[in-house]
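So this block is target-v3.txt, compact mmCIF, C-alpha atoms and all ligand atoms:
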```
# COMPACT_ATOMS: atom_id res chain seq x y z
CA MET M 224 -31.42 11.60 -22.05
CA LYS M 225 -27.75 11.30 -21.34
CA LEU M 226 -26.90 10.06 -24.81
CA ASP M 227 -24.12 11.87 -26.64
CA ARG M 228 -23.78 14.49 -23.97
CA ILE M 229 -20.37 15.61 -25.28
CA VAL M 230 -21.56 17.20 -28.50
CA ASN M 231 -19.53 20.34 -28.57
CA THR M 232 -15.74 20.06 -28.71
CA ALA M 233 -15.07 23.12 -30.88
CA LYS M 234 -12.72 24.82 -28.41
CA SER M 235 -10.86 21.57 -27.86
CA GLN M 236 -10.37 21.24 -31.60
CA VAL M 237 -8.79 24.70 -31.81
CA LEU M 238 -6.30 23.81 -29.07
CA VAL M 239 -5.60 20.40 -30.57
CA GLU M 240 -4.78 22.04 -33.92
CA GLU M 241 -2.53 24.55 -32.20
CA ALA M 242 -0.77 21.78 -30.24
CA ARG M 243 -0.12 19.94 -33.51
CA ARG M 244 1.69 22.95 -34.92
CA TYR M 245 4.30 22.80 -32.20
CA SER M 246 4.52 19.15 -31.13
CA PRO M 247 4.32 15.89 -33.05
CA GLY M 248 0.68 14.88 -33.02
CA GLY M 249 0.10 17.61 -30.45
CA LEU M 250 0.81 15.06 -27.73
CA HIS M 251 3.58 14.26 -25.27
CA SER M 252 3.11 10.59 -24.46
CA HIS M 253 2.42 7.66 -26.80
CA ILE M 254 -0.53 6.30 -24.84
CA ARG M 255 -2.44 9.60 -24.92
CA ARG M 256 -3.08 9.23 -28.64
CA GLU M 257 -5.99 6.83 -28.16
CA LEU M 258 -8.59 9.49 -27.45
CA PRO M 259 -10.79 9.27 -30.53
CA PHE M 260 -11.66 12.90 -30.94
CA GLY M 261 -9.03 15.41 -29.85
CA LEU M 262 -9.70 16.76 -26.40
CA ALA M 263 -8.02 19.58 -24.54
CA PHE M 264 -8.55 19.84 -20.80
CA LYS M 265 -8.89 23.00 -18.78
CA ARG M 266 -9.56 21.82 -15.27
CA ALA M 267 -9.26 18.78 -13.03
CA GLU M 268 -10.64 18.60 -9.51
CA GLY M 269 -11.50 15.66 -7.31
CA ALA M 270 -13.09 12.94 -9.43
CA TYR M 271 -13.82 15.21 -12.41
CA LEU M 272 -12.27 16.68 -15.52
CA TRP M 273 -13.53 19.57 -17.63
CA ASP M 274 -12.54 19.98 -21.25
CA ALA M 275 -11.98 23.28 -23.03
CA ASP M 276 -15.67 23.48 -24.01
CA GLY M 277 -16.77 23.02 -20.41
CA ASN M 278 -17.91 19.40 -20.77
CA LYS M 279 -17.57 17.56 -17.48
CA TYR M 280 -16.28 13.97 -17.19
CA ILE M 281 -16.21 11.53 -14.31
CA ASP M 282 -12.58 10.49 -14.58
CA TYR M 283 -11.67 6.81 -14.26
CA ASN M 284 -8.40 7.15 -16.14
CA ALA M 285 -7.01 8.97 -13.10
CA ALA M 286 -3.89 10.04 -15.00
CA PHE M 287 -3.16 6.40 -15.85
CA ALA M 288 -3.57 5.40 -12.19
CA ALA M 289 -1.47 8.21 -10.71
CA THR M 290 -4.09 10.31 -8.94
CA LEU M 291 -5.28 8.12 -6.09
CA LEU M 292 -6.80 10.68 -3.75
CA GLY M 293 -8.36 12.80 -6.48
CA HIS M 294 -7.18 15.64 -8.68
CA CYS M 295 -5.70 18.73 -7.02
CA HIS M 296 -6.02 17.22 -3.57
CA PRO M 297 -5.92 20.08 -1.03
CA ALA M 298 -3.82 18.23 1.60
CA VAL M 299 -1.16 17.41 -0.97
CA ASP M 300 -1.24 20.70 -2.88
CA SER M 301 -1.04 22.86 0.23
CA LYS M 302 2.10 21.04 1.41
CA VAL M 303 3.65 21.48 -2.05
CA ILE M 304 2.82 25.19 -2.15
CA GLU M 305 4.21 25.71 1.34
CA SER M 306 7.39 23.87 0.40
CA ILE M 307 8.12 25.74 -2.84
CA HIS M 308 8.14 29.00 -0.94
CA ARG M 309 10.95 27.55 1.17
CA MET M 310 13.21 25.64 -1.21
CA ASP M 311 13.32 24.53 -4.82
CA LEU M 312 15.85 22.16 -6.39
CA VAL M 313 19.28 22.56 -4.82
CA GLY M 314 20.81 19.45 -6.32
CA LEU M 315 23.50 19.10 -3.67
CA GLY M 316 23.83 17.13 -0.45
CA THR M 317 20.63 15.98 1.16
CA ASN M 318 17.61 17.61 2.77
CA GLU M 319 14.75 16.79 5.09
CA THR M 320 12.19 16.27 2.31
CA GLU M 321 14.10 13.38 0.76
CA ILE M 322 14.94 11.82 4.10
CA ALA M 323 11.23 11.98 5.01
CA LEU M 324 10.17 10.21 1.81
CA ALA M 325 12.87 7.50 1.98
CA ARG M 326 11.93 6.90 5.64
CA LYS M 327 8.25 6.46 4.71
CA ILE M 328 9.14 3.96 1.98
CA VAL M 329 11.36 1.94 4.32
CA GLN M 330 8.67 2.08 7.01
CA HIS M 331 5.89 0.78 4.77
CA VAL M 332 7.19 -1.35 1.89
CA PRO M 333 8.31 -4.84 2.97
CA CYS M 334 11.28 -5.21 0.57
CA ALA M 335 12.50 -1.65 1.20
CA GLU M 336 15.49 -1.63 3.48
CA MET M 337 16.69 1.35 1.45
CA ALA M 338 15.16 3.67 -1.14
CA ALA M 339 16.64 5.82 -3.93
CA ILE M 340 14.51 8.57 -5.42
CA THR M 341 14.29 9.34 -9.13
CA ASN M 342 11.59 10.84 -11.38
CA THR M 343 9.64 8.33 -13.44
CA GLY M 344 8.58 4.71 -13.35
CA SER M 345 10.71 3.99 -16.43
CA GLU M 346 13.82 5.32 -14.73
CA ALA M 347 13.09 3.22 -11.65
CA THR M 348 12.64 -0.02 -13.64
CA HIS M 349 15.78 0.77 -15.66
CA HIS M 350 17.83 1.21 -12.49
CA CYS M 351 16.45 -2.02 -10.98
CA ILE M 352 17.45 -4.00 -14.07
CA ARG M 353 20.92 -2.48 -14.38
CA LEU M 354 21.55 -3.06 -10.68
CA SER M 355 20.43 -6.69 -11.09
CA ARG M 356 22.84 -7.16 -14.00
CA ALA M 357 25.72 -5.63 -12.09
CA VAL M 358 25.31 -7.68 -8.93
CA THR M 359 24.69 -11.00 -10.68
CA GLY M 360 27.13 -10.50 -13.57
CA ARG M 361 24.40 -11.90 -15.87
CA MET M 362 22.85 -10.08 -18.80
CA LYS M 363 19.54 -11.82 -19.53
CA ILE M 364 16.25 -10.79 -18.00
CA ILE M 365 12.72 -12.20 -18.03
CA LYS M 366 9.56 -10.18 -18.53
CA PHE M 367 6.02 -11.39 -19.20
CA GLN M 368 3.79 -10.93 -22.23
CA GLY M 369 1.38 -8.05 -21.60
CA HIS M 370 3.30 -6.45 -18.71
CA TYR M 371 4.53 -2.88 -19.14
CA HIS M 372 7.60 -1.51 -17.38
CA GLY M 373 8.27 1.73 -19.24
CA TRP M 374 9.71 3.00 -22.49
CA HIS M 375 13.39 1.99 -22.35
CA ASP M 376 15.06 -0.64 -24.51
CA TYR M 377 15.37 -3.27 -21.76
CA VAL M 378 11.62 -3.77 -21.49
CA LEU M 379 9.69 -2.10 -24.31
CA MET M 380 8.60 -5.39 -25.79
CA ASN M 381 5.48 -7.54 -25.87
CA THR M 382 3.13 -5.25 -23.99
CA LEU M 383 -0.18 -4.95 -25.86
CA SER M 384 0.86 -7.27 -28.68
CA PRO M 385 -1.51 -8.34 -31.45
CA ALA M 386 -2.43 -12.02 -31.26
CA ASP M 387 -0.07 -12.95 -34.09
CA ARG M 388 2.95 -11.55 -32.20
CA ILE M 389 2.40 -13.56 -29.02
CA GLY M 390 5.26 -16.01 -28.60
CA THR M 391 7.56 -13.91 -30.82
CA LYS M 392 9.80 -11.00 -29.88
CA HIS M 393 7.69 -7.90 -30.32
CA PRO M 394 9.84 -4.78 -29.83
CA GLN M 395 7.58 -1.74 -29.70
CA SER M 396 9.78 1.06 -30.93
CA GLY M 397 12.03 1.78 -33.82
CA GLY M 398 15.66 2.28 -32.86
CA MET M 399 15.83 -0.28 -30.09
CA LEU M 400 19.23 -1.85 -29.46
CA PRO M 401 19.28 -5.42 -30.81
CA ALA M 402 21.39 -6.57 -27.82
CA ALA M 403 18.71 -5.32 -25.43
CA ILE M 404 16.02 -7.16 -27.37
CA ASP M 405 18.12 -10.35 -27.49
CA ASN M 406 18.72 -10.33 -23.76
CA THR M 407 15.06 -9.93 -22.82
CA THR M 408 13.15 -13.20 -22.71
CA VAL M 409 9.38 -12.87 -22.81
CA LEU M 410 7.34 -15.58 -21.10
CA LYS M 411 3.69 -16.34 -20.50
CA PHE M 412 2.44 -14.99 -17.14
CA ASN M 413 1.70 -17.67 -14.53
CA ASP M 414 3.72 -20.27 -16.47
CA LEU M 415 6.06 -21.47 -13.73
CA GLU M 416 7.47 -24.30 -15.80
CA ALA M 417 8.72 -21.89 -18.48
CA VAL M 418 10.28 -19.67 -15.81
CA GLU M 419 11.99 -22.63 -14.16
CA LYS M 420 13.47 -23.79 -17.46
CA CYS M 421 15.08 -20.39 -17.98
CA LEU M 422 16.21 -19.77 -14.40
CA ARG M 423 17.87 -23.18 -14.03
CA THR M 424 20.36 -22.07 -16.70
CA GLU M 425 21.56 -19.48 -14.14
CA GLU M 426 21.98 -16.96 -16.97
CA TYR M 427 19.29 -14.55 -15.79
CA ALA M 428 19.95 -11.38 -13.80
CA CYS M 429 16.35 -10.73 -12.86
CA VAL M 430 12.69 -11.46 -13.40
CA ILE M 431 10.61 -8.29 -13.62
CA LEU M 432 6.81 -8.44 -13.39
CA GLU M 433 3.74 -6.56 -12.36
CA PRO M 434 2.67 -8.68 -9.37
CA ILE M 435 -0.89 -7.86 -10.39
CA ALA M 436 -0.85 -7.19 -14.11
CA HIS M 437 -2.87 -3.99 -14.41
CA ASN M 438 -1.50 -3.24 -17.87
CA MET M 439 -3.32 -6.27 -19.23
CA GLY M 440 -6.70 -6.38 -17.60
CA SER M 441 -5.65 -6.83 -13.96
CA VAL M 442 -4.49 -10.45 -14.20
CA LYS M 443 -3.45 -11.91 -10.86
CA MET M 444 -0.71 -14.41 -10.06
CA THR M 445 -1.80 -17.83 -8.92
CA ASP M 446 -0.51 -18.72 -5.44
CA GLU M 447 1.53 -21.51 -6.95
CA PHE M 448 3.18 -19.17 -9.45
CA ALA M 449 3.83 -16.41 -6.89
CA HIS M 450 5.45 -18.71 -4.33
CA GLY M 451 7.22 -20.80 -6.98
CA LEU M 452 8.73 -17.70 -8.59
CA ARG M 453 10.06 -16.45 -5.25
CA ARG M 454 11.56 -19.88 -4.50
CA LEU M 455 13.15 -20.26 -7.94
CA CYS M 456 14.68 -16.79 -7.85
CA THR M 457 16.22 -17.51 -4.45
CA GLU M 458 17.52 -20.93 -5.53
CA THR M 459 19.11 -19.63 -8.73
CA GLY M 460 20.46 -16.31 -7.44
CA THR M 461 18.11 -14.34 -9.69
CA ILE M 462 16.84 -10.95 -8.51
CA LEU M 463 13.06 -10.77 -8.18
CA VAL M 464 11.71 -7.34 -9.18
CA TYR M 465 8.06 -6.58 -8.42
CA ASP M 466 7.18 -3.54 -10.50
CA GLU M 467 4.70 -1.78 -8.22
CA VAL M 468 4.57 1.47 -10.19
CA ILE M 469 0.79 1.02 -10.33
CA SER M 470 0.00 -1.31 -7.44
CA GLY M 471 2.26 0.31 -4.85
CA PHE M 472 0.23 2.63 -2.61
CA ARG M 473 -2.83 2.17 -4.86
CA HIS M 474 -3.65 -1.12 -3.14
CA GLY M 475 -2.11 -0.53 0.24
CA LEU M 476 0.74 1.20 2.04
CA GLY M 477 3.02 -1.79 1.62
CA GLY M 478 2.05 -2.41 -2.00
CA TYR M 479 0.74 -5.68 -3.37
CA GLN M 480 3.77 -7.50 -1.91
CA LYS M 481 2.48 -6.85 1.59
CA ILE M 482 -1.00 -8.02 0.67
CA ILE M 483 0.20 -11.37 -0.70
CA GLY M 484 2.99 -11.75 1.86
CA ILE M 485 5.81 -12.31 -0.62
CA THR M 486 8.84 -10.06 -0.50
CA PRO M 487 10.72 -9.33 -3.74
CA ASP M 488 14.35 -8.16 -3.82
CA LEU M 489 13.75 -4.84 -5.58
CA THR M 490 10.70 -2.70 -6.31
CA PRO M 491 10.13 0.37 -8.47
CA LEU M 492 7.34 2.67 -7.26
CA SER M 493 5.74 5.81 -8.68
CA LYS M 494 2.25 7.04 -9.73
CA ALA M 495 -0.13 6.86 -6.74
CA MET M 496 2.76 7.33 -4.32
CA ALA M 497 2.65 11.10 -4.91
CA ASN M 498 -0.93 11.45 -6.16
CA GLY M 499 0.31 12.40 -9.63
CA TYR M 500 3.26 14.62 -8.78
CA VAL M 501 6.51 13.69 -10.50
CA THR M 502 8.55 11.24 -8.49
CA ALA M 503 9.55 7.60 -8.41
CA VAL M 504 11.54 5.33 -6.16
CA MET M 505 13.60 2.20 -6.52
CA CYS M 506 13.79 0.35 -3.26
CA GLY M 507 14.92 -3.00 -1.99
CA LYS M 508 17.35 -4.99 0.06
CA ALA M 509 20.23 -2.95 1.50
CA GLU M 510 22.86 -5.43 0.24
CA LEU M 511 21.65 -4.69 -3.31
CA MET M 512 20.92 -0.99 -2.96
CA LYS M 513 24.42 -0.34 -1.58
CA ASN M 514 25.81 -1.21 -5.03
CA LEU M 515 24.55 2.11 -6.41
CA THR M 516 27.39 4.61 -6.90
CA VAL M 517 25.72 6.86 -4.34
CA GLY M 518 26.26 4.04 -1.83
CA GLY M 519 29.88 3.50 -2.83
CA GLY M 520 29.19 0.81 -5.46
CA THR M 521 29.62 0.70 -9.22
CA VAL M 522 26.05 1.12 -10.51
CA TYR M 523 25.59 4.66 -11.73
CA PHE M 524 22.63 6.43 -10.19
CA SER M 525 22.13 10.03 -11.16
CA GLY M 526 19.65 12.69 -12.25
CA THR M 527 19.57 16.47 -12.03
CA HIS M 528 15.95 16.39 -10.93
CA ASN M 529 16.18 13.27 -8.76
CA ALA M 530 14.44 13.69 -5.41
CA HIS M 531 12.98 17.07 -6.31
CA PRO M 532 11.49 18.58 -3.14
CA ILE M 533 8.09 19.00 -4.84
CA GLY M 534 7.84 15.27 -5.51
CA ASN M 535 9.17 14.37 -2.07
CA VAL M 536 6.72 16.62 -0.25
CA ALA M 537 3.80 15.49 -2.41
CA ALA M 538 4.64 11.84 -1.78
CA VAL M 539 4.95 12.25 1.97
CA ALA M 540 1.66 14.19 2.08
CA THR M 541 -0.04 11.49 0.00
CA ILE M 542 1.29 8.68 2.16
CA GLU M 543 0.21 10.53 5.30
CA ALA M 544 -3.28 10.88 3.85
CA LEU M 545 -3.34 7.09 3.43
CA GLU M 546 -1.97 6.07 6.80
CA ASP M 547 -5.18 5.85 8.80
CA GLY M 548 -6.62 3.36 6.29
CA GLU M 549 -9.84 5.31 5.65
CA VAL M 550 -9.05 5.92 1.97
CA TYR M 551 -8.41 2.22 1.39
CA ARG M 552 -11.63 1.21 3.16
CA HIS M 553 -13.57 3.56 0.86
CA LEU M 554 -11.74 2.44 -2.29
CA TYR M 555 -12.09 -1.29 -1.64
CA ALA M 556 -15.81 -0.96 -0.85
CA LEU M 557 -16.45 1.27 -3.87
CA GLY M 558 -14.41 -1.08 -6.05
CA ASP M 559 -16.58 -4.03 -5.00
CA HIS M 560 -19.67 -1.92 -5.67
CA ILE M 561 -18.73 -0.91 -9.21
CA ARG M 562 -17.44 -4.39 -10.19
CA ALA M 563 -20.64 -6.00 -8.88
CA GLY M 564 -22.73 -3.32 -10.61
CA PHE M 565 -21.16 -3.91 -14.02
CA GLN M 566 -21.43 -7.68 -13.64
CA GLU M 567 -25.09 -7.49 -12.63
CA ILE M 568 -25.99 -5.29 -15.63
CA ALA M 569 -24.13 -7.53 -18.08
CA ASN M 570 -25.75 -10.67 -16.64
CA ARG M 571 -29.21 -9.13 -16.78
CA LEU M 572 -28.72 -7.97 -20.39
CA GLY M 573 -27.19 -11.30 -21.40
CA ILE M 574 -23.90 -9.70 -22.47
CA PRO M 575 -20.87 -11.98 -22.12
CA MET M 576 -18.70 -10.13 -19.59
CA ARG M 577 -16.36 -10.90 -16.73
CA VAL M 578 -15.60 -7.93 -14.53
CA VAL M 579 -12.11 -8.24 -13.09
CA GLY M 580 -9.92 -5.99 -10.99
CA TYR M 581 -8.79 -5.50 -7.46
CA GLY M 582 -9.39 -2.80 -4.83
CA SER M 583 -9.74 0.50 -6.67
CA ILE M 584 -9.30 -1.04 -10.13
CA PHE M 585 -12.10 -2.42 -12.29
CA VAL M 586 -12.02 -3.82 -15.80
CA PRO M 587 -15.16 -5.06 -17.56
CA LEU M 588 -13.81 -7.67 -19.99
CA PHE M 589 -16.04 -8.56 -22.93
CA ILE M 590 -15.24 -12.24 -22.61
CA ASP M 591 -17.20 -15.43 -22.07
CA PRO M 592 -17.35 -15.71 -18.25
CA GLU M 593 -17.49 -19.49 -18.58
CA LEU M 594 -13.83 -19.38 -19.67
CA GLY M 595 -12.77 -18.67 -16.09
CA GLU M 596 -10.48 -16.02 -14.68
CA PRO M 597 -7.81 -14.97 -17.23
CA LEU M 598 -4.31 -16.03 -16.16
CA CYS M 599 -2.18 -14.78 -19.02
CA TYR M 600 -2.27 -12.52 -22.07
CA ASP M 601 -3.35 -15.36 -24.37
CA ASP M 602 -6.50 -15.76 -22.27
CA LEU M 603 -7.46 -12.17 -23.10
CA MET M 604 -7.34 -12.80 -26.82
CA SER M 605 -10.88 -14.16 -26.78
CA CYS M 606 -12.16 -10.76 -25.55
CA ASP M 607 -14.32 -8.87 -27.99
CA MET M 608 -11.92 -5.96 -28.29
CA GLU M 609 -13.99 -4.06 -30.84
CA LYS M 610 -16.98 -4.11 -28.53
CA ASP M 611 -14.83 -3.14 -25.55
CA LYS M 612 -13.49 -0.13 -27.44
CA ALA M 613 -16.90 0.85 -28.76
CA PHE M 614 -18.32 0.66 -25.24
CA ARG M 615 -15.61 2.85 -23.82
CA LEU M 616 -15.88 5.34 -26.64
CA ALA M 617 -19.62 5.64 -26.11
CA MET M 618 -19.01 6.16 -22.39
CA VAL M 619 -16.51 8.96 -23.09
CA LYS M 620 -19.08 10.65 -25.33
CA ARG M 621 -21.48 10.55 -22.39
CA GLY M 622 -18.98 12.09 -19.99
CA ILE M 623 -17.57 8.95 -18.40
CA MET M 624 -13.82 8.79 -18.95
CA LEU M 625 -13.09 5.11 -19.44
CA TYR M 626 -9.94 5.23 -21.51
CA PRO M 627 -10.94 3.87 -24.94
CA LEU M 628 -8.52 0.98 -25.27
CA ALA M 629 -9.57 -2.65 -24.86
CA PHE M 630 -9.00 -4.18 -21.42
CA ARG M 631 -7.42 -1.01 -20.10
CA ARG M 632 -7.70 -0.69 -16.32
CA ASN M 633 -10.13 1.85 -14.89
CA CYS M 634 -9.21 3.49 -11.62
CA LEU M 635 -11.25 4.77 -8.74
CA MET M 636 -9.96 7.68 -6.72
CA ALA M 637 -10.80 8.48 -3.11
CA ALA M 638 -12.75 11.46 -4.45
CA HIS M 639 -15.24 9.21 -6.29
CA THR M 640 -18.58 8.89 -4.51
CA TYR M 641 -21.31 6.27 -4.62
CA GLU M 642 -23.37 8.82 -6.60
CA ASP M 643 -20.62 9.03 -9.23
CA VAL M 644 -20.48 5.27 -9.48
CA ASP M 645 -24.24 4.81 -9.63
CA LEU M 646 -24.52 7.41 -12.39
CA THR M 647 -21.71 5.62 -14.23
CA LEU M 648 -23.57 2.31 -13.95
CA GLU M 649 -26.81 3.90 -15.16
CA ILE M 650 -25.06 5.30 -18.23
CA ALA M 651 -23.21 2.01 -18.77
CA GLU M 652 -26.55 0.20 -18.86
CA GLU M 653 -27.88 2.58 -21.55
CA VAL M 654 -24.71 2.10 -23.60
CA LEU M 655 -24.66 -1.68 -23.20
CA ARG M 656 -28.31 -1.92 -24.24
CA GLY M 657 -27.37 -0.02 -27.40
CA LEU M 658 -24.41 -2.29 -28.10
CA ARG M 659 -26.29 -5.54 -27.57
C1 LIG M 701 3.76 -1.07 -14.16
C2 LIG M 701 4.44 0.11 -14.77
N1 LIG M 701 5.78 0.22 -14.69
C3 LIG M 701 6.45 1.27 -15.20
C4 LIG M 701 5.78 2.27 -15.84
C5 LIG M 701 6.53 3.43 -16.43
O1 LIG M 701 6.31 4.57 -15.67
P1 LIG M 701 6.49 6.03 -16.32
O2 LIG M 701 5.40 6.21 -17.31
O3 LIG M 701 6.41 6.94 -15.14
O4 LIG M 701 7.85 6.07 -16.92
C6 LIG M 701 4.38 2.21 -15.96
C7 LIG M 701 3.62 3.27 -16.64
O5 LIG M 701 2.47 3.15 -16.94
C8 LIG M 701 3.70 1.10 -15.41
O6 LIG M 701 2.36 0.97 -15.53
```
Would you mind writing the file out in structure tokens?
Amino acid sequence: MKLDRIVNTAKSQVLVEEARRYSPGGLHSHIRRELPFGLAFKRAEGAYLWDADGNKYIDYNAAFAATLLGHCHPAVDSKVIESIHRMDLVGLGTNETEIALARKIVQHVPCAEMAAITNTGSEATHHCIRLSRAVTGRMKIIKFQGHYHGWHDYVLMNTLSPADRIGTKHPQSGGMLPAAIDNTTVLKFNDLEAVEKCLRTEEYACVILEPIAHNMGSVKMTDEFAHGLRRLCTETGTILVYDEVISGFRHGLGGYQKIIGITPDLTPLSKAMANGYVTAVMCGKAELMKNLTVGGGTVYFSGTHNAHPIGNVAAVATIEALEDGEVYRHLYALGDHIRAGFQEIANRLGIPMRVVGYGSIFVPLFIDPELGEPLCYDDLMSCDMEKDKAFRLAMVKRGIMLYPLAFRRNCLMAAHTYEDVDLTLEIAEEVLRGLR
């Protein structure tokens, strides 16, 4: 009865065509192109989206993990509205909104002795890497296959690579600077031996990683790797950068670093921190952060829109909404519920699946569960990606927004209810039966 619920997308198609007249592909971010049939959205509220034809979706894309509380959250929006009547962007000196946000970051995030506010996750990772190069005087960096750190030349390599590009340099844009590609070494996640071999050369400025790799099916670090990496970075004078653009504030007030009890040297943050409003932070040890030009050092840190009051106010309001822990209790319990629900359905239907994830993130991997928990990108190559995509696509057509890309993370928001999740599981069972 719920099959192919999204049958009418005529109004979306009109808007999609119009968008294409004015913008390449009618889209404004590479990743948005995966939606199979063009969709235009008219409304977002709480856990739901409505497209131009009035079709309603339960949203698990959550603006690529940015909306943690739910869309158009009243506590955040009201603070933003109040603030824009008072002050917009001044672009000079300082103000209370940016002090309040930096104070919150320093209060909550273990590595954050100081915080500098910018706009996007990509800017924050760029600044962390340039700062690392400046303070170490070294040019090489390490990233891991499957991890994503933004669109700039330093890191736009080896994210979702096809199997035949694993182990080779896989730059993902035309026009990238060869020197940037040459100086980025890509290693296998959780391979401590490979990291040690590189770091012992003492040629590396930093290691940047997602401490829980949500851009490749939520792969976790082993304890041995996590502690070994921290130790090796300290021993070789290499800066350890935990990119918590997704995990920061989504998993807890202190990010994933607080949960695992390992403190990196620098951390970029964005997304959930402001419930989807535009802002990002680079934070870390004061002795490093003071090297930014704003602190009297040599590492240029600038941006007309940096620390825009709207982002600052939204972030502080979001963090305040998280401080009593209630949102996290709900998200962790609901996360366990949906992961267990998917696993139970797959087991009962005899579909090879391992449901992974953490806290508010769930990823049903179409993989033989006997193979054990995936530890690196190579391990994901045995997933049935066609089936994964077909499953997600069928879910979207039934009003469940699971972004239709294999092993893409799905995100719960505080606004999701047990009823939403149970309906999602019911529809998932129908779809999985059909795919069997
Ligand atoms: C872990 C991680 N780092 C950095 C970024 C880049 O952030 P932005 O898209 O805001 O530039 C992303 C975006 O998805 C991300 O997932």
(message) If we count only C-alpha atoms and set the cut-off at 7 Å, which residues sit around range 467-474 of chain M, ignoring sequence neighbours fewer than 5 positions away in its own chain? Please answer as a VMD selection string.
(response) chain M and resid 288 291 344 433 479 490 to 496 582
Mind checking which residues fall within 10 Å of Phe585 in chain M, counting all atoms listed in the file, ignoring those fewer than 4 positions away in the same chain, and posting them as an mmCIF file with C-alpha atoms, keeping the file's coordinate frame?
```
data_model
loop_
_atom_site.group_PDB
_atom_site.id
_atom_site.type_symbol
_atom_site.label_atom_id
_atom_site.label_comp_id
_atom_site.auth_asym_id
_atom_site.auth_seq_id
_atom_site.Cartn_x
_atom_site.Cartn_y
_atom_site.Cartn_z
ATOM 1 C CA TYR M 283 -11.670 6.810 -14.260
ATOM 2 C CA HIS M 437 -2.870 -3.990 -14.410
ATOM 3 C CA GLY M 440 -6.700 -6.380 -17.600
ATOM 4 C CA SER M 441 -5.650 -6.830 -13.960
ATOM 5 C CA GLY M 558 -14.410 -1.080 -6.050
ATOM 6 C CA ASP M 559 -16.580 -4.030 -5.000
ATOM 7 C CA ILE M 561 -18.730 -0.910 -9.210
ATOM 8 C CA ARG M 562 -17.440 -4.390 -10.190
ATOM 9 C CA ALA M 563 -20.640 -6.000 -8.880
ATOM 10 C CA PHE M 565 -21.160 -3.910 -14.020
ATOM 11 C CA VAL M 578 -15.600 -7.930 -14.530
ATOM 12 C CA VAL M 579 -12.110 -8.240 -13.090
ATOM 13 C CA GLY M 580 -9.920 -5.990 -10.990
ATOM 14 C CA TYR M 581 -8.790 -5.500 -7.460
ATOM 15 C CA PHE M 630 -9.000 -4.180 -21.420
ATOM 16 C CA ARG M 631 -7.420 -1.010 -20.100
ATOM 17 C CA ARG M 632 -7.700 -0.690 -16.320
ATOM 18 C CA ASN M 633 -10.130 1.850 -14.890
ATOM 19 C CA CYS M 634 -9.210 3.490 -11.620
ATOM 20 C CA LEU M 635 -11.250 4.770 -8.740
#
```
(request) Would you mind listing what lies within 10 Å of Lys612 in chain M as a ChimeraX atom specification, with only C-alpha atoms counted and same-chain residues fewer than 2 positions away left out? (result) /M:589,607-610,614-618,625-631
(message) List as an MDAnalysis selection string the protein and nucleic acid residues lying within 10 Å of ligand LIG 701 (chain M), with only C-alpha atoms and all ligand atoms counted.
(response) chainID M and resid 252 254 286:289 342:349 370:375 378 431:439 465:471 491:494 499 501:503
(request) Counting all atoms listed in the file, figure out which residue out of M:Leu598, M:Gly316, M:Gly397, M:His528 gets nearest to Met444 in chain M. (result) M:Leu598
(request) Mind giving me the straight-line distance from CA of Glu268 in chain M to CA of His294 in chain M in Å, one decimal? (result)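 Distance reported for this atom pair: 4.6 Å.
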(message) My list of candidates is M:Glu426, M:Glu546, M:Asp643, M:Glu653. Which is closest to Asp282 in chain M when distances are computed with all atoms listed in the file?
(response) M:Asp643
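With distances taken over all atoms listed in the file, M:Ile623 is the one residue among M:Arg659, M:Ile623, M:Tyr427, M:Glu241 lying closest to Ile229 in chain M.
Taking CA of Asp446 in chain M and CA of Asn413 in chain M as endpoints, the distance between them is 9.4 Å.
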